[in-house]
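K.L.:
Here's a structure for you.
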Amino acid sequence: MKHRLFWASAALIVLLLGNLIFTPHFFSIELRNGQLYGSLIDILRLSAPLILVSLGMTLVIATGGIDLSVGSVMAVAGALACLYVSDNSGLPGVLIGCSIALGLALVLGAWNGFLVSVIGLQPIIATLILMVAGRGLAQLITEGQIITVNSPPYRFIGAGYLLTFPFAVIIAAAVVAVAALITRRTALGLLIESVGGNPRASRLSGIHSRRLIWGVYAFTGLVAGIAGLMATANVSSADGNAVGSLIELNAILAVVIGGTSLAGGRFSIAGTVIGALLIQALDTTIYTTGVPAQTTQLFKAVVVIVICLVQSPVFRRRVLRTVPA
């Protein structure tokens, strides 16, 4: 119970088990035409974009920052990719379109890093600028319309299957694995935690904090771009006003639920993944239980508050008395 991931994992398990009350076959997984289907598979597939965005948000928060522009970067990347693929629907066109979109997402993330690490703007202000401007750029790319694409290779990114498993989940798992390997098997993770925990001490010890922060924001832009490709490919269309809307809030929730402190310092990639899965499972549960649409957000807020309170050692000590003083 003292492990940092215990309460988030327990909440996820309880939430999934609770679905058995309303959906007896909730844990059933079928293999049809070489593809896995089931509620659990749907949760994994739909949570893939949120996992990627939350991964970038975890590293940004670990440096003591925040990124409110990830939803807008998703919209820009998805819009640009769909704009190019709409006229070049073959595999070469899809590869070029995705490369251009991810390149722009990387540049936008690096721009945030430049404003924060070089210019010295507060992260919330710097990313708020792109949050607004990026959504406008996405609308400019789409000309205020919904771009529809008819490209099987592009749709495969968000709705395809590889080796019976959703391709989006494979991409998300690969990115998470690489990020975890780099941050936990090298000194990079420790350097990120040092910058977030005590920026002045890390700078005096010789750590290039500006380059590190710049790189973290660039990475966040890149993974947000990949999430944007997934989101638009899943529906074969790009809506500059809707893609990635409010996902930054869900990403911050996933990071907090996963045990990463908003004050910076220590972070947990595994906890963030669990948090993202929990949020998607909660969305699925809301629809499964038939919660009225007008109370959906309130119901979700109450559940998240309960989970965060149960995770708090201070709350458990004072109210539940499960943690000794």
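Chains: A, B, ... in order of the structure tokens. Residues: from 1 per chain. Ligands: from 1, in order shown.
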List every residue of segment 13-76 of chain A that DSSP, applied to the backbone, labels as helix (DSSP H, G or I), and write the result as a ChimeraX atom specification.
P.N.:
/A:13-22,39-62,70-76
K.L.:
Show me, as a count of residues only, the residues that have an atom within 6 Å of Ala238 of chain A when counting only C-alpha atoms, minus same-chain residues fewer than 4 positions from it.
P.N.:
4
K.L.:
Determine, counting only C-alpha atoms, which protein, DNA and RNA residues have an atom within 10 Å of an atom of Pro152 of chain A; residues of the same chain fewer than 2 positions away are not included. Present the result as a list in words.
P.N.:
Ser89, Gly90, Leu91, Val94, Val149, Asn150, Tyr154, Arg155, Phe156, Ile157, Ala159, Gly160, Ala233 and Ser236 of chain A
K.L.:
Using N, CA, C and O atoms, can you export the residues from the last selection as a PDB file, in the first residue's frame?
P.N.:
ATOM      1  N   SER A  89      -3.091  10.042 -51.438  1.00  0.00           N
ATOM      2  CA  SER A  89      -3.627   9.030 -50.530  1.00  0.00           C
ATOM      3  C   SER A  89      -2.834   7.731 -50.499  1.00  0.00           C
ATOM      4  O   SER A  89      -3.120   6.857 -49.688  1.00  0.00           O
ATOM      5  N   GLY A  90      -1.836   7.598 -51.378  1.00  0.00           N
ATOM      6  CA  GLY A  90      -1.033   6.384 -51.396  1.00  0.00           C
ATOM      7  C   GLY A  90      -0.055   6.336 -50.229  1.00  0.00           C
ATOM      8  O   GLY A  90       0.114   7.306 -49.488  1.00  0.00           O
ATOM      9  N   LEU A  91       0.609   5.214 -50.080  1.00  0.00           N
ATOM     10  CA  LEU A  91       1.555   5.046 -48.980  1.00  0.00           C
ATOM     11  C   LEU A  91       2.680   6.075 -49.006  1.00  0.00           C
ATOM     12  O   LEU A  91       3.011   6.653 -47.954  1.00  0.00           O
ATOM     13  N   VAL A  94       1.296   9.300 -47.730  1.00  0.00           N
ATOM     14  CA  VAL A  94       1.020   9.242 -46.294  1.00  0.00           C
ATOM     15  C   VAL A  94       2.309   9.416 -45.500  1.00  0.00           C
ATOM     16  O   VAL A  94       2.352  10.149 -44.504  1.00  0.00           O
ATOM     17  N   VAL A 149     -10.385  12.466 -45.486  1.00  0.00           N
ATOM     18  CA  VAL A 149      -9.420  11.740 -46.318  1.00  0.00           C
ATOM     19  C   VAL A 149      -9.922  10.322 -46.548  1.00  0.00           C
ATOM     20  O   VAL A 149     -10.582   9.730 -45.694  1.00  0.00           O
ATOM     21  N   ASN A 150      -9.592   9.791 -47.719  1.00  0.00           N
ATOM     22  CA  ASN A 150      -9.946   8.413 -48.060  1.00  0.00           C
ATOM     23  C   ASN A 150      -8.655   7.685 -48.389  1.00  0.00           C
ATOM     24  O   ASN A 150      -8.288   7.501 -49.544  1.00  0.00           O
ATOM     25  N   TYR A 154      -3.379   5.712 -44.293  1.00  0.00           N
ATOM     26  CA  TYR A 154      -3.442   6.705 -43.225  1.00  0.00           C
ATOM     27  C   TYR A 154      -4.389   6.243 -42.116  1.00  0.00           C
ATOM     28  O   TYR A 154      -4.080   6.405 -40.928  1.00  0.00           O
ATOM     29  N   ARG A 155      -5.508   5.672 -42.482  1.00  0.00           N
ATOM     30  CA  ARG A 155      -6.457   5.181 -41.481  1.00  0.00           C
ATOM     31  C   ARG A 155      -5.836   4.071 -40.637  1.00  0.00           C
ATOM     32  O   ARG A 155      -6.174   3.905 -39.461  1.00  0.00           O
ATOM     33  N   PHE A 156      -4.894   3.345 -41.216  1.00  0.00           N
ATOM     34  CA  PHE A 156      -4.238   2.253 -40.501  1.00  0.00           C
ATOM     35  C   PHE A 156      -3.534   2.750 -39.241  1.00  0.00           C
ATOM     36  O   PHE A 156      -3.432   2.026 -38.249  1.00  0.00           O
ATOM     37  N   ILE A 157      -3.064   4.013 -39.252  1.00  0.00           N
ATOM     38  CA  ILE A 157      -2.348   4.564 -38.100  1.00  0.00           C
ATOM     39  C   ILE A 157      -3.226   4.569 -36.860  1.00  0.00           C
ATOM     40  O   ILE A 157      -2.767   4.252 -35.756  1.00  0.00           O
ATOM     41  N   ALA A 159      -6.660   3.172 -36.772  1.00  0.00           N
ATOM     42  CA  ALA A 159      -7.672   2.124 -36.677  1.00  0.00           C
ATOM     43  C   ALA A 159      -7.204   0.778 -37.218  1.00  0.00           C
ATOM     44  O   ALA A 159      -7.993  -0.170 -37.254  1.00  0.00           O
ATOM     45  N   GLY A 160      -5.935   0.684 -37.626  1.00  0.00           N
ATOM     46  CA  GLY A 160      -5.431  -0.564 -38.183  1.00  0.00           C
ATOM     47  C   GLY A 160      -4.968  -1.541 -37.112  1.00  0.00           C
ATOM     48  O   GLY A 160      -4.860  -1.197 -35.935  1.00  0.00           O
ATOM     49  N   ALA A 233      -6.506   9.970 -37.932  1.00  0.00           N
ATOM     50  CA  ALA A 233      -6.544   8.748 -38.732  1.00  0.00           C
ATOM     51  C   ALA A 233      -7.675   7.837 -38.284  1.00  0.00           C
ATOM     52  O   ALA A 233      -8.271   7.121 -39.100  1.00  0.00           O
ATOM     53  N   SER A 236     -10.559   9.364 -39.991  1.00  0.00           N
ATOM     54  CA  SER A 236     -10.273   9.737 -41.386  1.00  0.00           C
ATOM     55  C   SER A 236     -10.681  11.165 -41.703  1.00  0.00           C
ATOM     56  O   SER A 236     -11.165  11.462 -42.796  1.00  0.00           O
TER      57      SER A 236
END
K.L.:
Got a sec: who's within 12 Å of Ser237 of chain A, counting only C-alpha atoms, leaving out chain neighbours fewer than 5 positions off, as a PyMOL selection string?
P.N.:
chain A and resi 75+78-86+142+145-151+154-155+158+228-232+242-243
K.L.:
Once you have the residues from the selection above, write them out as an mmCIF file, in the first residue's frame, restricted to N, CA and C atoms.
P.N.:
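Written file, result-v5.cif:
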data_model
loop_
_atom_site.group_PDB
_atom_site.id
_atom_site.type_symbol
_atom_site.label_atom_id
_atom_site.label_comp_id
_atom_site.auth_asym_id
_atom_site.auth_seq_id
_atom_site.Cartn_x
_atom_site.Cartn_y
_atom_site.Cartn_z
ATOM 1 N N ALA A 75 -3.951 19.178 -33.101
ATOM 2 C CA ALA A 75 -4.836 19.676 -34.159
ATOM 3 C C ALA A 75 -4.043 20.125 -35.380
ATOM 4 N N GLY A 78 -2.473 16.958 -37.136
ATOM 5 C CA GLY A 78 -3.515 16.189 -37.809
ATOM 6 C C GLY A 78 -4.059 16.912 -39.032
ATOM 7 N N ALA A 79 -4.249 18.219 -38.916
ATOM 8 C CA ALA A 79 -4.778 19.002 -40.035
ATOM 9 C C ALA A 79 -3.800 19.015 -41.200
ATOM 10 N N LEU A 80 -2.513 19.231 -40.907
ATOM 11 C CA LEU A 80 -1.515 19.294 -41.971
ATOM 12 C C LEU A 80 -1.357 17.946 -42.662
ATOM 13 N N ALA A 81 -1.350 16.870 -41.883
ATOM 14 C CA ALA A 81 -1.238 15.538 -42.467
ATOM 15 C C ALA A 81 -2.439 15.228 -43.361
ATOM 16 N N CYS A 82 -3.632 15.522 -42.870
ATOM 17 C CA CYS A 82 -4.843 15.251 -43.662
ATOM 18 C C CYS A 82 -4.901 16.109 -44.915
ATOM 19 N N LEU A 83 -4.426 17.359 -44.818
ATOM 20 C CA LEU A 83 -4.410 18.236 -45.989
ATOM 21 C C LEU A 83 -3.538 17.651 -47.084
ATOM 22 N N TYR A 84 -2.393 17.122 -46.710
ATOM 23 C CA TYR A 84 -1.485 16.545 -47.708
ATOM 24 C C TYR A 84 -2.003 15.195 -48.203
ATOM 25 N N VAL A 85 -2.482 14.368 -47.291
ATOM 26 C CA VAL A 85 -2.946 13.023 -47.663
ATOM 27 C C VAL A 85 -4.209 13.083 -48.505
ATOM 28 N N SER A 86 -5.009 14.143 -48.348
ATOM 29 C CA SER A 86 -6.247 14.259 -49.139
ATOM 30 C C SER A 86 -5.957 14.310 -50.641
ATOM 31 N N THR A 142 -7.063 24.109 -42.308
ATOM 32 C CA THR A 142 -8.289 23.454 -42.790
ATOM 33 C C THR A 142 -9.267 24.425 -43.421
ATOM 34 N N GLN A 145 -12.881 24.255 -42.331
ATOM 35 C CA GLN A 145 -13.696 23.125 -42.744
ATOM 36 C C GLN A 145 -13.145 21.831 -42.149
ATOM 37 N N ILE A 146 -13.917 20.761 -42.269
ATOM 38 C CA ILE A 146 -13.460 19.437 -41.850
ATOM 39 C C ILE A 146 -12.866 18.743 -43.070
ATOM 40 N N ILE A 147 -11.579 18.438 -43.002
ATOM 41 C CA ILE A 147 -10.907 17.767 -44.113
ATOM 42 C C ILE A 147 -11.121 16.258 -43.975
ATOM 43 N N THR A 148 -11.717 15.674 -44.993
ATOM 44 C CA THR A 148 -11.957 14.225 -44.999
ATOM 45 C C THR A 148 -10.971 13.554 -45.940
ATOM 46 N N VAL A 149 -10.385 12.466 -45.486
ATOM 47 C CA VAL A 149 -9.420 11.740 -46.318
ATOM 48 C C VAL A 149 -9.922 10.322 -46.548
ATOM 49 N N ASN A 150 -9.592 9.791 -47.719
ATOM 50 C CA ASN A 150 -9.946 8.413 -48.060
ATOM 51 C C ASN A 150 -8.655 7.685 -48.389
ATOM 52 N N SER A 151 -7.957 7.288 -47.330
ATOM 53 C CA SER A 151 -6.647 6.667 -47.489
ATOM 54 C C SER A 151 -6.493 5.521 -46.505
ATOM 55 N N TYR A 154 -3.379 5.712 -44.293
ATOM 56 C CA TYR A 154 -3.442 6.705 -43.225
ATOM 57 C C TYR A 154 -4.389 6.243 -42.116
ATOM 58 N N ARG A 155 -5.508 5.672 -42.482
ATOM 59 C CA ARG A 155 -6.457 5.181 -41.481
ATOM 60 C C ARG A 155 -5.836 4.071 -40.637
ATOM 61 N N GLY A 158 -4.493 4.925 -37.034
ATOM 62 C CA GLY A 158 -5.380 5.037 -35.881
ATOM 63 C C GLY A 158 -6.329 3.885 -35.693
ATOM 64 N N GLY A 228 -1.866 13.388 -32.602
ATOM 65 C CA GLY A 228 -2.750 14.051 -33.559
ATOM 66 C C GLY A 228 -2.975 13.216 -34.801
ATOM 67 N N LEU A 229 -1.928 12.535 -35.264
ATOM 68 C CA LEU A 229 -2.081 11.633 -36.411
ATOM 69 C C LEU A 229 -3.022 10.483 -36.067
ATOM 70 N N MET A 230 -2.867 9.933 -34.861
ATOM 71 C CA MET A 230 -3.749 8.837 -34.429
ATOM 72 C C MET A 230 -5.203 9.289 -34.385
ATOM 73 N N ALA A 231 -5.422 10.460 -33.772
ATOM 74 C CA ALA A 231 -6.792 10.939 -33.581
ATOM 75 C C ALA A 231 -7.490 11.198 -34.913
ATOM 76 N N THR A 232 -6.780 11.792 -35.865
ATOM 77 C CA THR A 232 -7.401 12.095 -37.154
ATOM 78 C C THR A 232 -7.495 10.851 -38.034
ATOM 79 N N ALA A 242 -11.776 20.691 -33.080
ATOM 80 C CA ALA A 242 -12.168 19.609 -32.171
ATOM 81 C C ALA A 242 -11.038 18.660 -31.802
ATOM 82 N N VAL A 243 -10.094 18.439 -32.713
ATOM 83 C CA VAL A 243 -9.017 17.483 -32.442
ATOM 84 C C VAL A 243 -8.192 17.941 -31.243
#
K.L.:
If we count only C-alpha atoms and set the cut-off at 9 Å, which residues sit around Arg135 of chain A, ignoring sequence neighbours fewer than 6 positions away in its own chain? Please answer as a list in words.
P.N.:
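Listing them by chain and then by number gives Ser69, Gly71, Ser72, Val73, Ala75, Val76, Gly240 and Asn241 of chain A.
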K.L.:
What does the file look like for those residues with C-alpha atoms, as a PDB file, in the first residue's frame?
P.N.:
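Output saved as selection.pdb:
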ATOM      1  CA  SER A  69      -0.583  23.611 -26.032  1.00  0.00           C
ATOM      2  CA  GLY A  71      -4.103  19.762 -27.836  1.00  0.00           C
ATOM      3  CA  SER A  72      -3.442  22.534 -30.339  1.00  0.00           C
ATOM      4  CA  VAL A  73      -0.278  20.799 -31.562  1.00  0.00           C
ATOM      5  CA  ALA A  75      -4.836  19.676 -34.159  1.00  0.00           C
ATOM      6  CA  VAL A  76      -2.103  21.305 -36.264  1.00  0.00           C
ATOM      7  CA  GLY A 240      -9.086  21.986 -36.423  1.00  0.00           C
ATOM      8  CA  ASN A 241     -11.492  23.032 -33.701  1.00  0.00           C
TER       9      ASN A 241
END
K.L.:
Considering only C-alpha atoms, return as a short mmCIF file (atom, residue, chain, number, x, y, z; two decimals) with all heavy atoms, in the first residue's frame whatever protein or nucleic-acid residues lie within 10 Å of Asn198 of chain A, sequence-local ones (same chain, fewer than 5 positions apart) excluded.
P.N.:
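What follows is the written file part-v4.cif:
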data_model
loop_
_atom_site.label_atom_id
_atom_site.label_comp_id
_atom_site.auth_asym_id
_atom_site.auth_seq_id
_atom_site.Cartn_x
_atom_site.Cartn_y
_atom_site.Cartn_z
N THR A 63 10.28 18.84 -15.06
CA THR A 63 11.24 19.94 -15.09
C THR A 63 10.70 21.18 -14.38
O THR A 63 11.38 22.21 -14.35
CB THR A 63 11.59 20.33 -16.53
OG1 THR A 63 10.41 20.81 -17.21
CG2 THR A 63 12.16 19.15 -17.30
N GLY A 64 9.50 21.08 -13.82
CA GLY A 64 8.89 22.21 -13.14
C GLY A 64 8.05 23.08 -14.05
O GLY A 64 7.68 24.20 -13.68
N GLU A 193 15.01 15.28 -13.33
CA GLU A 193 14.54 15.42 -11.95
C GLU A 193 15.33 16.47 -11.20
O GLU A 193 14.79 17.21 -10.36
CB GLU A 193 14.63 14.07 -11.24
CG GLU A 193 13.64 13.04 -11.78
CD GLU A 193 13.79 11.69 -11.09
OE1 GLU A 193 14.85 11.46 -10.49
OE2 GLU A 193 12.85 10.88 -11.15
N ARG A 203 21.95 23.96 -12.04
CA ARG A 203 22.73 24.86 -12.91
C ARG A 203 24.14 25.06 -12.36
O ARG A 203 25.12 25.05 -13.11
CB ARG A 203 22.00 26.20 -13.05
CG ARG A 203 22.66 27.15 -14.05
CD ARG A 203 21.79 28.36 -14.32
NE ARG A 203 21.50 29.13 -13.12
CZ ARG A 203 20.33 29.14 -12.51
NH1 ARG A 203 19.33 28.41 -12.99
NH2 ARG A 203 20.13 29.86 -11.42
N GLY A 264 7.37 19.55 -9.75
CA GLY A 264 8.58 19.16 -10.44
C GLY A 264 9.39 18.16 -9.63
O GLY A 264 9.10 17.88 -8.48
N GLY A 265 10.44 17.63 -10.25
CA GLY A 265 11.27 16.65 -9.57
C GLY A 265 10.96 15.24 -10.03
O GLY A 265 10.89 14.98 -11.23
#
K.L.:
Among segment 109-313 of chain A, which residues does DSSP mark as strand (DSSP E or B) when it is run on the backbone? Keep the chain and numbering as in the structure and answer as an NGL selection string.
P.N.:
:A and (146-148 or 161-162 or 165-166 or 237-239)
